[in-house]
Amino acid sequence: MSRRASRLWILPVSVVAALLLGLLPLPVSVQGLRPYWLALVVAFWIIEEPERAGLGFAFFAGLVADLAFGTLLGEQALRLVIMAFILQRFRSQLRFFPLAQQALAIGGLLLNDRVVSAAIHLLLGLPQPPWTYWLAPLLGLLLWPPMFFVLDALRSGRRPR
Amino acid sequence: MSSFASPAAPRPGDVAGTLRLLGFLALAVVLIVLDHRGGWLASLRATMNVVVQPLWQVAGLPSRLGQTMREDAATRSLLAEDNRRLRNELLVVGARQARLQVEADENARLRGLLGAVEHGRLDVQLAPILNVDLDPSRQRLLLDAGSAQGVRVGQSVIDAGGLLGQIVAVTPGTSTVLLLTDLDHAVPVSISRTGVRLIAYGTGRSDRLELRNIPVSGDVDVGDVVVTSGLGGRFPPGFPVGTIVELHPDDSHAFLVGGLKPAAQLDRGRDVLLLRESREPGSANGAAEAPRAEAPPPVPATQSPTPSLQPPAPATNAPATPAGPPATSTDAPTPADPRMRDPASPAQPGRTP
């Protein structure tokens with residue numbers, strides 16, 4: 001228990017790192033491929049640390065992201081809360097999926113997230129991002145396994161289980 | 001709950017979980033709506049932006065490091081080459097400037113004869129762009145200069161090509177520029193050849209602006225250069241905005257719609273210029289110059305952690321302006337200054353000579 005408690009600083013640090021990765025300037029041509037890092041990190045914590053990270057965590061992470069990215073206040077909060085809710089519902093299954101299958105599920109969630117975002121923009125009459133942004137979930141899917149390993153290793157100490 | 005698999009947990013928690021979801025969704029929707037229309041959250045946002053400001057600074061660090069490294073690695077011959085080119089350019093620009101100076105003097109004299117109001121002098125400040133990617137569907141830029149450097153909300157931003165946008169938010173160390181091309185932006189312009197006055201709207205695309213409601217009889221052609229007209233008082237007159245690249249009739253066939261190519265480089269340059277005008281008493285009411293104590297010096301005293309750059313006075317007209325909060329040049333005694341309300345006031349398009 002104490003070991004896990006001492007490792008909790010990983011959570012805020014990973015969120016900040018995800019925000020920074022989201023802000024990092026990319027060449028215009030590949031901007032659309034930028035994976036939604038924050039969603040990946042939030043998903044990880046909701047799957048692995050359900051007592052600490054729930055809907056509230058997703059909401060506030062989204063709010064901070066809204067401020068940082070200059071999106072409409074509440075937009076990313078809404079998207080992440082929806083994702084977090086779905087994850088919570090299927091958490092017990094997801095945890096025992098093999099990693100590849102888990103990655104597929106995450107890819108599906110990220111795609112769903114893009115749909116939600118597009119719907120919000122459509123409802124409010126905001127411009128849609130270019131079509132390449134629909135490829136980002138694919139990259140998120142591919143990045144899930146390595147990110148899972150890294151965060152898991154950081155969280156549970158150097159020693160492999 | 002400390003055991004890993006908690007298969008029994010979801011059942012009783014189902015209802016509570018759904019309720020929590022609904023609660024958070026409602027909260028998010030309320031925030032979105034409040035932020036989208038009204039902009040009542042502007043002041044909240046301004047204070048919260050101070051919190052995320054260090055995040056921006058850190059995110060902009062890599063590209064800044066890359067830049068300095070590239071500069072350090074520049075060879076001697078490269079520098080010499082650069083120097084020669086720049087010196088030549090300076091010569092050419094200096095010559096042109098000298099000729100313009102004559103024109104400007106003459107113009108001032110003629111204006112004096114006509115009794116017209118003198119334009120305020122322009123003063124610029126260089127500000128580097130903080131290279132971070134913001135929301136791709138909005139047209140914004142982040143500058144690495146804030147209220148500590150004297151940046152104020154409402155300042156016009158230009159680059160070598162022309163008008164870029166205006167400052168809409170300021171934190172002590174950074175400021176946000178709303179670009180001309182943002183969907184929420186509009187700027188009063190005139191066609192420099194004929195003086196026809198129009199309004200250029202942003203389209204959300206970085207390479208296109210739109211001129212709506214051009215009278216069919218108006219003297220407007222493809223290739224015309226469009227400059228700021230200075231109406232509305234937000235932007236100083238005479239800065240290039242773009243070139244007309246296409247004209248086609250709108251749905252009613254009573255007016256034309258023009259496509260405009262922005263004159264400024266709206267993708268990432270490296271530095272931009274902030275206009276720091278000693279705002280002239282206004283072309284509308286020239287009598288009000290007595291109480292004006294010269295454009296308030298951007299005192300560094302405002303760099304207290306809460307940059308309340310919008311004094312409470314003009315809060316009444318803040319929500320409605322589509323192009324950012326009104327230019328509150330910190331001289332509070334004129335709270336309801338209608339001329340600087342917003343450049344996009346829809347009353348103007350019909351007014352053509």
# chains A, B, ... in the order shown; residues from 1 in each chain; ligands from 1
call {"tool": "select_by_dssp", "arguments": {"residues": "stretch 20-121 of chain A", "states": "alpha helix (DSSP H)", "output": "PyMOL selection string"}}
result
chain A and resi 20-23+37-48+55-69+75-89+91-94+99-121
call {"tool": "residues_around", "arguments": {"residues": "B:Ser63", "least_positions_apart": "3", "cutoff": "10 Å", "atoms": "only C-alpha atoms", "output": "list of chain:residue names"}}
result
A:Leu24, A:Pro25, A:Leu26, B:Ala59, B:Gly60, B:Gly66, B:Gln67, B:Thr68, B:Met69, B:Leu130, B:Asn131, B:Val132
call {"tool": "closest_atom_pairs", "arguments": {"of": "chain B", "to": "chain A", "cutoff": "6 Å", "atoms": "only C-alpha atoms", "output": "Markdown table"}}
result
| residue | atom | partner | partner_atom | distance |
| --- | --- | --- | --- | --- |
| B:Leu25 | CA | A:Leu78 | CA | 6.0 |
| B:Ala28 | CA | A:Gly74 | CA | 4.7 |
| B:Leu31 | CA | A:Gly74 | CA | 5.3 |
| B:Ile32 | CA | A:Gly74 | CA | 5.1 |
| B:Val52 | CA | A:Ala68 | CA | 5.8 |
| B:Ala59 | CA | A:Leu24 | CA | 5.5 |
| B:Val132 | CA | A:Pro25 | CA | 4.8 |
| B:Asp133 | CA | A:Leu23 | CA | 5.0 |
| B:Leu134 | CA | A:Phe69 | CA | 4.7 |
| B:Asp135 | CA | A:Phe69 | CA | 5.4 |
| B:Ser137 | CA | A:Pro129 | CA | 5.1 |
call {"tool": "write_last_selection", "arguments": {"atoms": "N, CA and C atoms", "output": "PDB file, in the first residue's frame"}}
result
ATOM      1  N   LEU B  25     -21.755  15.935 -17.148  1.00  0.00           N
ATOM      2  CA  LEU B  25     -22.125  16.337 -18.507  1.00  0.00           C
ATOM      3  C   LEU B  25     -22.848  17.665 -18.476  1.00  0.00           C
ATOM      4  N   ALA B  28     -20.446  20.424 -17.868  1.00  0.00           N
ATOM      5  CA  ALA B  28     -19.627  20.719 -19.052  1.00  0.00           C
ATOM      6  C   ALA B  28     -20.441  21.484 -20.087  1.00  0.00           C
ATOM      7  N   LEU B  31     -20.844  25.036 -19.082  1.00  0.00           N
ATOM      8  CA  LEU B  31     -19.595  25.778 -19.330  1.00  0.00           C
ATOM      9  C   LEU B  31     -19.446  26.100 -20.809  1.00  0.00           C
ATOM     10  N   ILE B  32     -19.713  25.096 -21.654  1.00  0.00           N
ATOM     11  CA  ILE B  32     -19.550  25.311 -23.093  1.00  0.00           C
ATOM     12  C   ILE B  32     -20.462  26.436 -23.562  1.00  0.00           C
ATOM     13  N   VAL B  52      -2.010  28.461 -16.433  1.00  0.00           N
ATOM     14  CA  VAL B  52      -1.447  27.602 -17.480  1.00  0.00           C
ATOM     15  C   VAL B  52      -0.306  28.278 -18.235  1.00  0.00           C
ATOM     16  N   ALA B  59       6.204  24.533 -23.109  1.00  0.00           N
ATOM     17  CA  ALA B  59       5.936  23.895 -24.395  1.00  0.00           C
ATOM     18  C   ALA B  59       6.622  24.634 -25.529  1.00  0.00           C
ATOM     19  N   VAL B 132       3.660  27.350 -29.924  1.00  0.00           N
ATOM     20  CA  VAL B 132       2.917  26.184 -29.446  1.00  0.00           C
ATOM     21  C   VAL B 132       1.672  26.023 -30.317  1.00  0.00           C
ATOM     22  N   ASP B 133       1.167  24.798 -30.362  1.00  0.00           N
ATOM     23  CA  ASP B 133      -0.031  24.524 -31.145  1.00  0.00           C
ATOM     24  C   ASP B 133      -1.251  24.647 -30.270  1.00  0.00           C
ATOM     25  N   LEU B 134      -2.110  25.585 -30.598  1.00  0.00           N
ATOM     26  CA  LEU B 134      -3.364  25.681 -29.876  1.00  0.00           C
ATOM     27  C   LEU B 134      -4.425  24.917 -30.655  1.00  0.00           C
ATOM     28  N   ASP B 135      -5.636  25.024 -30.184  1.00  0.00           N
ATOM     29  CA  ASP B 135      -6.772  24.376 -30.830  1.00  0.00           C
ATOM     30  C   ASP B 135      -6.756  24.632 -32.338  1.00  0.00           C
ATOM     31  N   SER B 137      -8.909  24.357 -34.632  1.00  0.00           N
ATOM     32  CA  SER B 137     -10.065  24.897 -35.333  1.00  0.00           C
ATOM     33  C   SER B 137     -10.230  26.393 -35.084  1.00  0.00           C
TER      34      SER B 137
END
call {"tool": "residues_around", "arguments": {"residues": "stretch 223-230 of chain B", "least_positions_apart": "2", "cutoff": "8 Å", "atoms": "only C-alpha atoms", "output": "list in words"}}
result
Val187, Pro188, Val189, Ser190, Ile191, Ser192, Arg193, Arg197, Val220, Asp221, Gly232, Gly233, Arg234, Phe235, Pro236, Pro237, Gly238, Phe239, Pro240, Val241, Gly242, Thr243, Ile244 and Val245 of chain B
call {"tool": "residues_around", "arguments": {"residues": "A:Pro145", "least_positions_apart": "4", "cutoff": "7 Å", "atoms": "only C-alpha atoms", "output": "compact mmCIF listing (two decimals) with C-alpha atoms, in the first residue's frame"}}
result
# COMPACT_ATOMS: atom_id res chain seq x y z
CA LEU A 99 -2.86 -5.62 -24.63
CA ALA A 103 -5.43 -1.05 -27.71
CA PHE A 149 4.17 -0.14 -20.36
call {"tool": "residues_around", "arguments": {"residues": "A:Leu87", "least_positions_apart": "4", "cutoff": "9 Å", "atoms": "only C-alpha atoms", "output": "PyMOL selection string"}}
result
chain A and resi 43+46-47+82-83+91+94+109
call {"tool": "atom_distance", "arguments": {"atom1": "atom CA of A:Gly107", "atom2": "atom CA of A:Gly140"}}
result
6.4 Å
call {"tool": "select_by_dssp", "arguments": {"residues": "stretch 37-147 of chain B", "states": "strand (DSSP E)", "output": "ChimeraX atom specification"}}
result
/B:124-130,140-143
call {"tool": "write_last_selection", "arguments": {"atoms": "all heavy atoms", "output": "CSV table (one decimal), in the first residue's frame"}}
result
chain,number,residue,atom,x,y,z
B,124,VAL,N,5.7,51.1,-32.3
B,124,VAL,CA,5.6,49.6,-32.3
B,124,VAL,C,6.5,49.0,-31.3
B,124,VAL,O,7.5,49.5,-30.8
B,124,VAL,CB,5.9,49.0,-33.7
B,124,VAL,CG1,4.9,49.5,-34.7
B,124,VAL,CG2,7.3,49.4,-34.1
B,125,GLN,N,6.1,47.7,-31.0
B,125,GLN,CA,6.9,47.0,-30.0
B,125,GLN,C,7.1,45.6,-30.6
B,125,GLN,O,6.1,45.0,-31.2
B,125,GLN,CB,6.1,46.9,-28.7
B,125,GLN,CG,6.7,45.9,-27.7
B,125,GLN,CD,5.7,45.8,-26.6
B,125,GLN,OE1,4.6,46.3,-26.6
B,125,GLN,NE2,6.1,45.1,-25.6
B,126,LEU,N,8.2,45.1,-30.6
B,126,LEU,CA,8.5,43.7,-31.2
B,126,LEU,C,8.1,42.7,-30.2
B,126,LEU,O,8.5,42.8,-29.0
B,126,LEU,CB,10.0,43.6,-31.5
B,126,LEU,CG,10.4,42.6,-32.6
B,126,LEU,CD1,9.8,42.9,-33.9
B,126,LEU,CD2,11.9,42.5,-32.7
B,127,ALA,N,7.5,41.6,-30.6
B,127,ALA,CA,7.1,40.5,-29.7
B,127,ALA,C,7.3,39.2,-30.4
B,127,ALA,O,6.9,39.0,-31.5
B,127,ALA,CB,5.7,40.7,-29.3
B,128,PRO,N,8.1,38.3,-29.8
B,128,PRO,CA,8.3,37.0,-30.4
B,128,PRO,C,7.1,36.1,-30.3
B,128,PRO,O,6.3,36.2,-29.3
B,128,PRO,CB,9.5,36.4,-29.6
B,128,PRO,CG,9.5,37.2,-28.3
B,128,PRO,CD,8.8,38.5,-28.5
B,129,ILE,N,6.9,35.3,-31.3
B,129,ILE,CA,5.8,34.3,-31.2
B,129,ILE,C,6.2,33.1,-30.3
B,129,ILE,O,7.3,32.6,-30.5
B,129,ILE,CB,5.4,33.8,-32.6
B,129,ILE,CG1,4.8,35.0,-33.4
B,129,ILE,CG2,4.5,32.7,-32.5
B,129,ILE,CD1,4.4,34.6,-34.8
B,130,LEU,N,5.4,32.7,-29.4
B,130,LEU,CA,5.6,31.5,-28.6
B,130,LEU,C,5.1,30.3,-29.4
B,130,LEU,O,3.9,30.3,-29.7
B,130,LEU,CB,4.9,31.6,-27.3
B,130,LEU,CG,5.3,30.6,-26.2
B,130,LEU,CD1,6.7,30.7,-25.9
B,130,LEU,CD2,4.5,30.9,-25.0
B,140,ARG,N,-5.6,31.3,-33.7
B,140,ARG,CA,-5.0,32.1,-32.6
B,140,ARG,C,-3.5,32.0,-32.7
B,140,ARG,O,-2.9,31.1,-33.3
B,140,ARG,CB,-5.4,31.5,-31.2
B,140,ARG,CG,-6.9,31.4,-31.0
B,140,ARG,CD,-7.3,32.6,-30.2
B,140,ARG,NE,-8.8,32.6,-30.2
B,140,ARG,CZ,-9.5,32.0,-29.2
B,140,ARG,NH1,-8.9,31.4,-28.3
B,140,ARG,NH2,-10.8,32.1,-29.3
B,141,LEU,N,-2.8,32.9,-32.0
B,141,LEU,CA,-1.4,32.8,-31.9
B,141,LEU,C,-1.1,33.2,-30.4
B,141,LEU,O,-1.8,33.9,-29.8
B,141,LEU,CB,-0.7,33.9,-32.7
B,141,LEU,CG,-0.2,33.5,-34.1
B,141,LEU,CD1,0.5,34.7,-34.7
B,141,LEU,CD2,0.7,32.3,-34.1
B,142,LEU,N,0.0,32.6,-29.9
B,142,LEU,CA,0.5,33.0,-28.6
B,142,LEU,C,1.7,33.8,-28.7
B,142,LEU,O,2.7,33.4,-29.4
B,142,LEU,CB,0.7,31.7,-27.8
B,142,LEU,CG,0.3,31.7,-26.3
B,142,LEU,CD1,-1.1,32.1,-26.2
B,142,LEU,CD2,0.5,30.3,-25.8
B,143,LEU,N,1.8,34.9,-28.0
B,143,LEU,CA,3.0,35.7,-28.0
B,143,LEU,C,3.8,35.6,-26.7
B,143,LEU,O,3.2,35.4,-25.7
B,143,LEU,CB,2.7,37.2,-28.3
B,143,LEU,CG,2.0,37.5,-29.6
B,143,LEU,CD1,1.8,39.0,-29.7
B,143,LEU,CD2,2.7,37.0,-30.7
call {"tool": "residues_around", "arguments": {"residues": "stretch 169-176 of chain B", "least_positions_apart": "3", "cutoff": "7 Å", "atoms": "only C-alpha atoms", "output": "MDAnalysis selection string"}}
result
chainID B and resid 46 49:50 53 140:148 152:153 303 307
call {"tool": "atom_distance", "arguments": {"atom1": "atom CA of B:Gln149", "atom2": "atom CA of B:Ala73"}}
result
29.6 Å
call {"tool": "residues_around", "arguments": {"residues": "A:Leu138", "least_positions_apart": "3", "cutoff": "12 Å", "atoms": "only C-alpha atoms", "output": "mmCIF file with N, CA, C and O atoms, in the first residue's frame"}}
result
data_model
loop_
_atom_site.group_PDB
_atom_site.id
_atom_site.type_symbol
_atom_site.label_atom_id
_atom_site.label_comp_id
_atom_site.auth_asym_id
_atom_site.auth_seq_id
_atom_site.Cartn_x
_atom_site.Cartn_y
_atom_site.Cartn_z
ATOM 1 N N GLY A 32 -2.400 17.020 -37.834
ATOM 2 C CA GLY A 32 -3.609 16.247 -37.634
ATOM 3 C C GLY A 32 -3.353 14.893 -37.011
ATOM 4 O O GLY A 32 -4.238 14.287 -36.428
ATOM 5 N N LEU A 33 -2.133 14.423 -37.134
ATOM 6 C CA LEU A 33 -1.836 13.081 -36.630
ATOM 7 C C LEU A 33 -1.500 13.070 -35.149
ATOM 8 O O LEU A 33 -1.303 12.013 -34.571
ATOM 9 N N ARG A 34 -1.423 14.244 -34.562
ATOM 10 C CA ARG A 34 -1.072 14.298 -33.155
ATOM 11 C C ARG A 34 -2.072 13.496 -32.333
ATOM 12 O O ARG A 34 -3.267 13.759 -32.354
ATOM 13 N N PRO A 35 -1.600 12.466 -31.629
ATOM 14 C CA PRO A 35 -2.532 11.665 -30.835
ATOM 15 C C PRO A 35 -3.049 12.480 -29.657
ATOM 16 O O PRO A 35 -2.407 13.428 -29.222
ATOM 17 N N TYR A 36 -4.214 12.096 -29.182
ATOM 18 C CA TYR A 36 -4.806 12.801 -28.056
ATOM 19 C C TYR A 36 -4.175 12.235 -26.783
ATOM 20 O O TYR A 36 -4.735 11.376 -26.118
ATOM 21 N N ALA A 103 -5.778 -2.171 -26.834
ATOM 22 C CA ALA A 103 -5.431 -1.053 -27.708
ATOM 23 C C ALA A 103 -6.548 -0.804 -28.715
ATOM 24 O O ALA A 103 -6.899 0.334 -29.004
ATOM 25 N N LEU A 104 -7.129 -1.888 -29.227
ATOM 26 C CA LEU A 104 -8.238 -1.732 -30.168
ATOM 27 C C LEU A 104 -9.401 -0.992 -29.510
ATOM 28 O O LEU A 104 -9.997 -0.084 -30.096
ATOM 29 N N ALA A 105 -9.702 -1.402 -28.285
ATOM 30 C CA ALA A 105 -10.793 -0.748 -27.562
ATOM 31 C C ALA A 105 -10.501 0.735 -27.384
ATOM 32 O O ALA A 105 -11.374 1.596 -27.571
ATOM 33 N N ILE A 106 -9.255 1.045 -27.020
ATOM 34 C CA ILE A 106 -8.877 2.446 -26.836
ATOM 35 C C ILE A 106 -9.015 3.208 -28.150
ATOM 36 O O ILE A 106 -9.508 4.343 -28.196
ATOM 37 N N GLY A 107 -8.613 2.549 -29.241
ATOM 38 C CA GLY A 107 -8.766 3.186 -30.549
ATOM 39 C C GLY A 107 -10.221 3.516 -30.830
ATOM 40 O O GLY A 107 -10.547 4.604 -31.303
ATOM 41 N N GLY A 108 -11.095 2.576 -30.499
ATOM 42 C CA GLY A 108 -12.520 2.819 -30.684
ATOM 43 C C GLY A 108 -12.995 4.001 -29.863
ATOM 44 O O GLY A 108 -13.752 4.856 -30.337
ATOM 45 N N LEU A 109 -12.517 4.068 -28.628
ATOM 46 C CA LEU A 109 -12.915 5.178 -27.756
ATOM 47 C C LEU A 109 -12.425 6.513 -28.309
ATOM 48 O O LEU A 109 -13.133 7.516 -28.260
ATOM 49 N N LEU A 110 -11.205 6.513 -28.831
ATOM 50 C CA LEU A 110 -10.671 7.760 -29.377
ATOM 51 C C LEU A 110 -11.464 8.199 -30.602
ATOM 52 O O LEU A 110 -11.714 9.387 -30.811
ATOM 53 N N LEU A 111 -11.876 7.214 -31.384
ATOM 54 C CA LEU A 111 -12.700 7.533 -32.557
ATOM 55 C C LEU A 111 -14.034 8.128 -32.107
ATOM 56 O O LEU A 111 -14.496 9.146 -32.638
ATOM 57 N N ASN A 112 -14.602 7.500 -31.099
ATOM 58 C CA ASN A 112 -15.846 8.009 -30.528
ATOM 59 C C ASN A 112 -15.651 9.438 -30.046
ATOM 60 O O ASN A 112 -16.508 10.308 -30.217
ATOM 61 N N ARG A 114 -13.624 11.636 -31.216
ATOM 62 C CA ARG A 114 -13.595 12.548 -32.370
ATOM 63 C C ARG A 114 -15.018 12.836 -32.848
ATOM 64 O O ARG A 114 -15.338 13.952 -33.244
ATOM 65 N N THR A 132 -7.592 15.271 -41.704
ATOM 66 C CA THR A 132 -6.498 14.428 -41.216
ATOM 67 C C THR A 132 -6.651 14.133 -39.726
ATOM 68 O O THR A 132 -6.071 13.181 -39.225
ATOM 69 N N TYR A 133 -7.447 14.960 -39.042
ATOM 70 C CA TYR A 133 -7.606 14.735 -37.613
ATOM 71 C C TYR A 133 -8.315 13.430 -37.312
ATOM 72 O O TYR A 133 -8.277 12.941 -36.198
ATOM 73 N N TRP A 134 -8.965 12.884 -38.323
ATOM 74 C CA TRP A 134 -9.635 11.596 -38.097
ATOM 75 C C TRP A 134 -8.631 10.448 -38.085
ATOM 76 O O TRP A 134 -8.981 9.322 -37.763
ATOM 77 N N LEU A 135 -7.394 10.723 -38.453
ATOM 78 C CA LEU A 135 -6.380 9.670 -38.414
ATOM 79 C C LEU A 135 -5.722 9.575 -37.038
ATOM 80 O O LEU A 135 -5.037 8.601 -36.739
ATOM 81 N N LEU A 141 -4.115 4.508 -30.984
ATOM 82 C CA LEU A 141 -4.218 3.046 -30.836
ATOM 83 C C LEU A 141 -2.826 2.424 -30.824
ATOM 84 O O LEU A 141 -2.499 1.600 -29.975
ATOM 85 N N LEU A 142 -1.978 2.859 -31.770
ATOM 86 C CA LEU A 142 -0.639 2.281 -31.852
ATOM 87 C C LEU A 142 0.203 2.673 -30.646
ATOM 88 O O LEU A 142 1.095 1.929 -30.241
ATOM 89 N N LEU A 143 -0.078 3.827 -30.087
ATOM 90 C CA LEU A 143 0.762 4.311 -28.987
ATOM 91 C C LEU A 143 0.325 3.772 -27.636
ATOM 92 O O LEU A 143 1.031 3.922 -26.654
ATOM 93 N N TRP A 144 -0.853 3.177 -27.601
ATOM 94 C CA TRP A 144 -1.363 2.723 -26.311
ATOM 95 C C TRP A 144 -0.441 1.697 -25.639
ATOM 96 O O TRP A 144 -0.062 1.883 -24.475
#
call {"tool": "atom_distance", "arguments": {"atom1": "atom CA of A:Leu38", "atom2": "atom CA of B:Leu179"}}
result
26.6 Å
call {"tool": "decode", "arguments": {"residues": "stretch 39-114 of chain B", "atoms": "C-alpha atoms", "output": "PDB file, in the first residue's frame"}}
result
ATOM      1  CA  GLY B  39     -18.226  35.258 -22.957  1.00  0.00           C
ATOM      2  CA  TRP B  40     -19.167  35.767 -19.337  1.00  0.00           C
ATOM      3  CA  LEU B  41     -16.336  33.511 -18.466  1.00  0.00           C
ATOM      4  CA  ALA B  42     -13.821  35.913 -19.947  1.00  0.00           C
ATOM      5  CA  SER B  43     -12.582  37.227 -16.634  1.00  0.00           C
ATOM      6  CA  LEU B  44     -12.462  33.749 -15.133  1.00  0.00           C
ATOM      7  CA  ARG B  45     -10.510  32.612 -18.142  1.00  0.00           C
ATOM      8  CA  ALA B  46      -8.123  35.504 -17.822  1.00  0.00           C
ATOM      9  CA  THR B  47      -7.234  34.560 -14.275  1.00  0.00           C
ATOM     10  CA  MET B  48      -7.025  30.868 -15.056  1.00  0.00           C
ATOM     11  CA  ASN B  49      -4.776  31.567 -18.004  1.00  0.00           C
ATOM     12  CA  VAL B  50      -2.189  32.792 -15.548  1.00  0.00           C
ATOM     13  CA  VAL B  51      -2.110  29.274 -14.162  1.00  0.00           C
ATOM     14  CA  VAL B  52      -1.447  27.602 -17.480  1.00  0.00           C
ATOM     15  CA  GLN B  53       0.991  30.252 -18.628  1.00  0.00           C
ATOM     16  CA  PRO B  54       4.063  28.332 -17.387  1.00  0.00           C
ATOM     17  CA  LEU B  55       2.797  25.360 -19.376  1.00  0.00           C
ATOM     18  CA  TRP B  56       2.890  27.426 -22.545  1.00  0.00           C
ATOM     19  CA  GLN B  57       6.340  28.693 -21.756  1.00  0.00           C
ATOM     20  CA  VAL B  58       7.653  25.176 -21.271  1.00  0.00           C
ATOM     21  CA  ALA B  59       5.936  23.895 -24.395  1.00  0.00           C
ATOM     22  CA  GLY B  60       7.468  26.691 -26.418  1.00  0.00           C
ATOM     23  CA  LEU B  61      10.926  25.918 -25.108  1.00  0.00           C
ATOM     24  CA  PRO B  62      12.012  23.216 -27.584  1.00  0.00           C
ATOM     25  CA  SER B  63      11.417  25.315 -30.667  1.00  0.00           C
ATOM     26  CA  ARG B  64      13.136  28.278 -29.034  1.00  0.00           C
ATOM     27  CA  LEU B  65      16.134  26.114 -28.197  1.00  0.00           C
ATOM     28  CA  GLY B  66      16.183  24.824 -31.751  1.00  0.00           C
ATOM     29  CA  GLN B  67      16.176  28.364 -33.004  1.00  0.00           C
ATOM     30  CA  THR B  68      19.076  29.491 -30.873  1.00  0.00           C
ATOM     31  CA  MET B  69      21.002  26.391 -31.843  1.00  0.00           C
ATOM     32  CA  ARG B  70      20.411  27.072 -35.504  1.00  0.00           C
ATOM     33  CA  GLU B  71      21.544  30.624 -34.996  1.00  0.00           C
ATOM     34  CA  ASP B  72      24.652  29.559 -33.150  1.00  0.00           C
ATOM     35  CA  ALA B  73      25.496  27.134 -35.894  1.00  0.00           C
ATOM     36  CA  ALA B  74      25.247  29.724 -38.648  1.00  0.00           C
ATOM     37  CA  THR B  75      28.551  30.062 -40.370  1.00  0.00           C
ATOM     38  CA  ARG B  76      30.508  33.208 -40.896  1.00  0.00           C
ATOM     39  CA  SER B  77      29.903  33.316 -44.621  1.00  0.00           C
ATOM     40  CA  LEU B  78      26.214  32.845 -44.038  1.00  0.00           C
ATOM     41  CA  LEU B  79      26.185  35.774 -41.694  1.00  0.00           C
ATOM     42  CA  ALA B  80      28.157  37.924 -44.086  1.00  0.00           C
ATOM     43  CA  GLU B  81      25.735  37.030 -46.843  1.00  0.00           C
ATOM     44  CA  ASP B  82      22.814  37.888 -44.610  1.00  0.00           C
ATOM     45  CA  ASN B  83      24.400  41.143 -43.643  1.00  0.00           C
ATOM     46  CA  ARG B  84      24.941  42.202 -47.225  1.00  0.00           C
ATOM     47  CA  ARG B  85      21.408  41.368 -48.185  1.00  0.00           C
ATOM     48  CA  LEU B  86      19.960  43.176 -45.221  1.00  0.00           C
ATOM     49  CA  ARG B  87      22.075  46.230 -45.845  1.00  0.00           C
ATOM     50  CA  ASN B  88      20.828  46.378 -49.414  1.00  0.00           C
ATOM     51  CA  GLU B  89      17.276  46.038 -48.271  1.00  0.00           C
ATOM     52  CA  LEU B  90      17.781  48.736 -45.716  1.00  0.00           C
ATOM     53  CA  LEU B  91      19.063  51.039 -48.408  1.00  0.00           C
ATOM     54  CA  VAL B  92      16.068  50.420 -50.615  1.00  0.00           C
ATOM     55  CA  VAL B  93      13.609  50.755 -47.759  1.00  0.00           C
ATOM     56  CA  GLY B  94      15.348  53.892 -46.542  1.00  0.00           C
ATOM     57  CA  ALA B  95      15.041  55.500 -49.948  1.00  0.00           C
ATOM     58  CA  ARG B  96      11.408  54.570 -50.163  1.00  0.00           C
ATOM     59  CA  GLN B  97      10.853  55.865 -46.668  1.00  0.00           C
ATOM     60  CA  ALA B  98      12.422  59.196 -47.544  1.00  0.00           C
ATOM     61  CA  ARG B  99      10.035  59.577 -50.449  1.00  0.00           C
ATOM     62  CA  LEU B 100       7.103  58.609 -48.290  1.00  0.00           C
ATOM     63  CA  GLN B 101       8.156  61.124 -45.698  1.00  0.00           C
ATOM     64  CA  VAL B 102       7.705  63.895 -48.239  1.00  0.00           C
ATOM     65  CA  GLU B 103       4.263  62.597 -49.046  1.00  0.00           C
ATOM     66  CA  ALA B 104       3.398  62.294 -45.390  1.00  0.00           C
ATOM     67  CA  ASP B 105       4.461  65.873 -44.730  1.00  0.00           C
ATOM     68  CA  GLU B 106       2.416  67.072 -47.640  1.00  0.00           C
ATOM     69  CA  ASN B 107      -0.499  65.017 -46.474  1.00  0.00           C
ATOM     70  CA  ALA B 108      -0.248  66.491 -43.015  1.00  0.00           C
ATOM     71  CA  ARG B 109      -0.173  69.987 -44.458  1.00  0.00           C
ATOM     72  CA  LEU B 110      -3.216  69.335 -46.603  1.00  0.00           C
ATOM     73  CA  ARG B 111      -5.016  67.816 -43.679  1.00  0.00           C
ATOM     74  CA  GLY B 112      -4.161  70.898 -41.697  1.00  0.00           C
ATOM     75  CA  LEU B 113      -5.678  73.040 -44.431  1.00  0.00           C
ATOM     76  CA  LEU B 114      -8.790  70.916 -44.394  1.00  0.00           C
TER      77      LEU B 114
END
